[in-house]
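The block underneath contains the structure these notes are about, expressed in structure tokens.
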There are 2 protein chains.
Amino acid sequence: MTAHIARSARRQAGREILLAHGSGGRDMHNLVEGVILPLLTNPTLASLDDQAIVNIGGARLAFTTDSFVVDPLFFPGGDIGLLAVHGTINDLAMGGAKPLYLSLALILEEGFPMEALERVLRSVRAAADASGAQVVTGDTKVVHRGSADKLFINTAGIGVVTPGEHPTGGGARPGDRVLLSGTLGDHGMAILSCREGFEFGSPIASDTAGLWPLVAAMQAAAPGAVHALRDPTRGGLATTLNEIATRSGAGIRLREEAIPVRLPVQSACELLGLDPLYVANEGKLVAFVAPQAADAALAALRGHALGREASIIGTVVEDPQARVILETTVGGSRIVDMLSGDPLPRIC
Amino acid sequence: MTAHIARSARRQAGREILLAHGSGGRDMHNLVEGVILPLLTNPTLASLDDQAIVNIGGARLAFTTDSFVVDPLFFPGGDIGLLAVHGTINDLAMGGAKPLYLSLALILEEGFPMEALERVLRSVRAAADASGAQVVTGDTKVVHRGSADKLFINTAGIGVVTPGEHPTGGGARPGDRVLLSGTLGDHGMAILSCREGFEFGSPIASDTAGLWPLVAAMQAAAPGAVHALRDPTRGGLATTLNEIATRSGAGIRLREEAIPVRLPVQSACELLGLDPLYVANEGKLVAFVAPQAADAALAALRGHALGREASIIGTVVEDPQARVILETTVGGSRIVDMLSGDPLPRIC
């Protein structure tokens, strides 16, 4: 009991890491902005985009990193290997960059089956090949049984930003249209139903996918018109939109009826009391596009298999309070806040 | 018992990850070359250097990644934060590259003390600043209590290769002198004595350090003359030299008397039956230098605090069998092989 009380006390004082610190939501933001950034700060890191943009030898490069701790390792629609490559490819693509080179670092638990490792590596290779990127460097660590849960993967990546493109989380401007490339919540609900053994009629598959082709298509159709670009992973679309609104100093008005959600995902969310706006996606992007170019960008998205269900879900408005407001299907409206807590740990 | 027998059988068939697969020695090489490379292969990865060299926009960039799972997190002479930055900086430097940009990805165990995280981040900052590199992008994941051991860190890095320099593990040529920048075994024995509570008279401190200043000094003093460059970490100097010999298709003759080892490290190794040639270092480099430039390179190393005890420890010789042979202090000679097994897991 004493140890328990001491632990609770430390938690209350915010002096201990909680699961919610990895949620992608408000607690993680407090950790990153309150603890990590002040200690490491520099102008590039402080931009808080999912990738750093650095200038080397006349080229603008995007550089990003992500660790993957998803549980289970294999799930409907994908596995940790696909996720690790797609996640880093997407962080580069959201910087407007064509993914070129990836690193792959494995932390393996002693006793991990070699067959499973081979299966994961085949996924890594397939995902990299499909995106035109190469795994060029790596690292392997093994820890004792019980010191890690099966397999953790880190991928970092380098890409080249397309000249003339400058998407950034702070780039949304009043009037911009908000484009979403497809349905919400598939990845998070696939993991959850797989992990907990839930069945919701039709099976739910993860949407894990590399999004560079969608970005390339928008850049070609609407050059320079994509002001902000993000893949709504941990924390879901709601958290992503709040980040962009805050950093851009503008509000966002969303039309609920325009936001596509698959029926099994909707049913599962209702049953579990979850809101698809807060559930992780791993193959969707949200783009803030200048109004005159929005239709061209939308057509570019819809012209690709990954963007067939793309839609314009809202508009950026003047709002010094940078609120995200959802106009509901029943004609009301409500404020959409960032994720608090972590309903779905180890989703990626 | 049945589970135990099944596990043993899988192990014997080589179908399960063992601690030795993370050793840096022969088992890890078998994993990397037998399982990982065939599945991911491409020409850059197949070079098997500790960094990839890629061409982007007219610049030659080095790109590398390393995960750190060292136990304990804090040890005499350093901590996981210093180690994570130095490790990646050194992998870049060993490619002849000035370190520029780093990523930092944290995998935290629920309940990890915030004070410890802050202490690690201060080390990250200090090590990056001292090396002139910046942490520009990052990631944070949290797993349940018991699903990871406290804190794992991944750092990836980008550097620019100095024009005219092409060090590579396969670059050693007969006649090249083998330079070692200082004493062997300090890091491994520091971790071991800290972890096991051993005392060996004087305390043993890790040698963790960023080595780019040593490389820059050699490049300035002996431009183009450094043919191969490596930091002997996991697996120790013996494993590193065997890799270089094999990849270069040449033999190496070492003079034992020229290899510096601190007295407490020597004593500890003797007591525990370890050979300092196989113990990990985190602040030492070995350079293969053209004979006419070896004295200039040695002087450059010795001119820096990190290289004050540098010495020429051997010579590259013609040998199709690529053996590493040690001429012992008592006038004999013996073959020095790669590390087998893993005497010191989670050393970095």
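Convention: chains lettered A, B, ... in structure tokens order; per-chain residue numbering from 1; ligands numbered from 1 as shown.
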
Backbone-only DSSP, helix (DSSP H, G or I) members of range 244-330 of chain B, as a ChimeraX atom specification: /B:244-248,256-258,263-272,276-278,291-302,305-307

Close residues, Leu180 in chain B itself excluded, 9 Å, only C-alpha atoms, min 5 positions apart in chain, as a list of chain:residue names: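 So the residues in contact are B:Ile259, B:Pro260, B:Lys284, B:Leu285, B:Val286, B:Ala287, B:Leu298, B:Gly307, B:Glu309, B:Ala310, B:Ser311, B:Ile312, B:Ile313.
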
Residue with smallest distance to Thr315 in chain B - pool B:Arg253, B:Pro345, B:Gln292, B:Gly332, counting only C-alpha atoms: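 Once distances to Thr315 in chain B are computed over only C-alpha atoms, the minimum belongs to B:Arg253.
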
Minimum-distance residue to Ala294 in chain A, chosen among A:Arg15, A:Arg308, A:Arg60, A:His227 (using only C-alpha atoms):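 Under the stated criterion, the closest residue is A:His227.
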
Check: which chain B residues lie within 6 Å of chain A using only C-alpha atoms, as a PyMOL selection string: chain B and resi 15-19+22+40+44-45+52+57+59+64-66+110-114+125+136-139+141-142+147-149

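In this structure, CA of Leu241 in chain B sits 28.8 Å away from CA of Glu196 in chain B.
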
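The list of residues with at least one atom within 10 Å of Glu257 in chain B, based on only C-alpha atoms and without residues fewer than 3 positions apart in the same chain, reads Leu254, Pro260, Val261, Ile313, Leu326, Glu327, Thr328, Thr329 and Val330 of chain B.
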
Nearest-residue call for Ala127 in chain B, choices B:His86, B:Arg334, B:His29, B:His304, using only C-alpha atoms: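 So, comparing all the options, the nearest one is B:His86.
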
Separation of CA of Gly188 in chain A from CA of Gly235 in chain A in Å: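 It comes out at 10.0 Å.
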
Length of the CA of Leu277 in chain B to CA of Thr233 in chain B vector [Å]: 10.7 Å

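Using only C-alpha atoms for every distance, the candidate list A:Asp207, A:Glu282, A:Glu270, A:Glu165 yields A:Asp207 as the residue closest to Gly77 in chain A.
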
Residues within 9 Å of Val215 in chain B, only C-alpha atoms, excluding chain neighbours under 2 positions, as a list of chain:residue names: B:Ala93, B:Met94, B:Gly96, B:Ala97, B:Lys98, B:Leu211, B:Trp212, B:Pro213, B:Ala217, B:Met218, B:Gln219, B:Ala220, B:Leu229, B:Leu285, B:Ala300, B:Leu301

All residues 6 Å or closer to Pro174 in chain B, only C-alpha atoms, same chain fewer than 4 positions away omitted, as a list in words: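 My list of contacting residues is Val316, Val317 and Glu318 of chain B.
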
Expected answer as an MDAnalysis selection string: strand (DSSP E) residues in range 100-228 of chain A: chainID A and resid 100:109 134:143 151:161 177:180 226:228
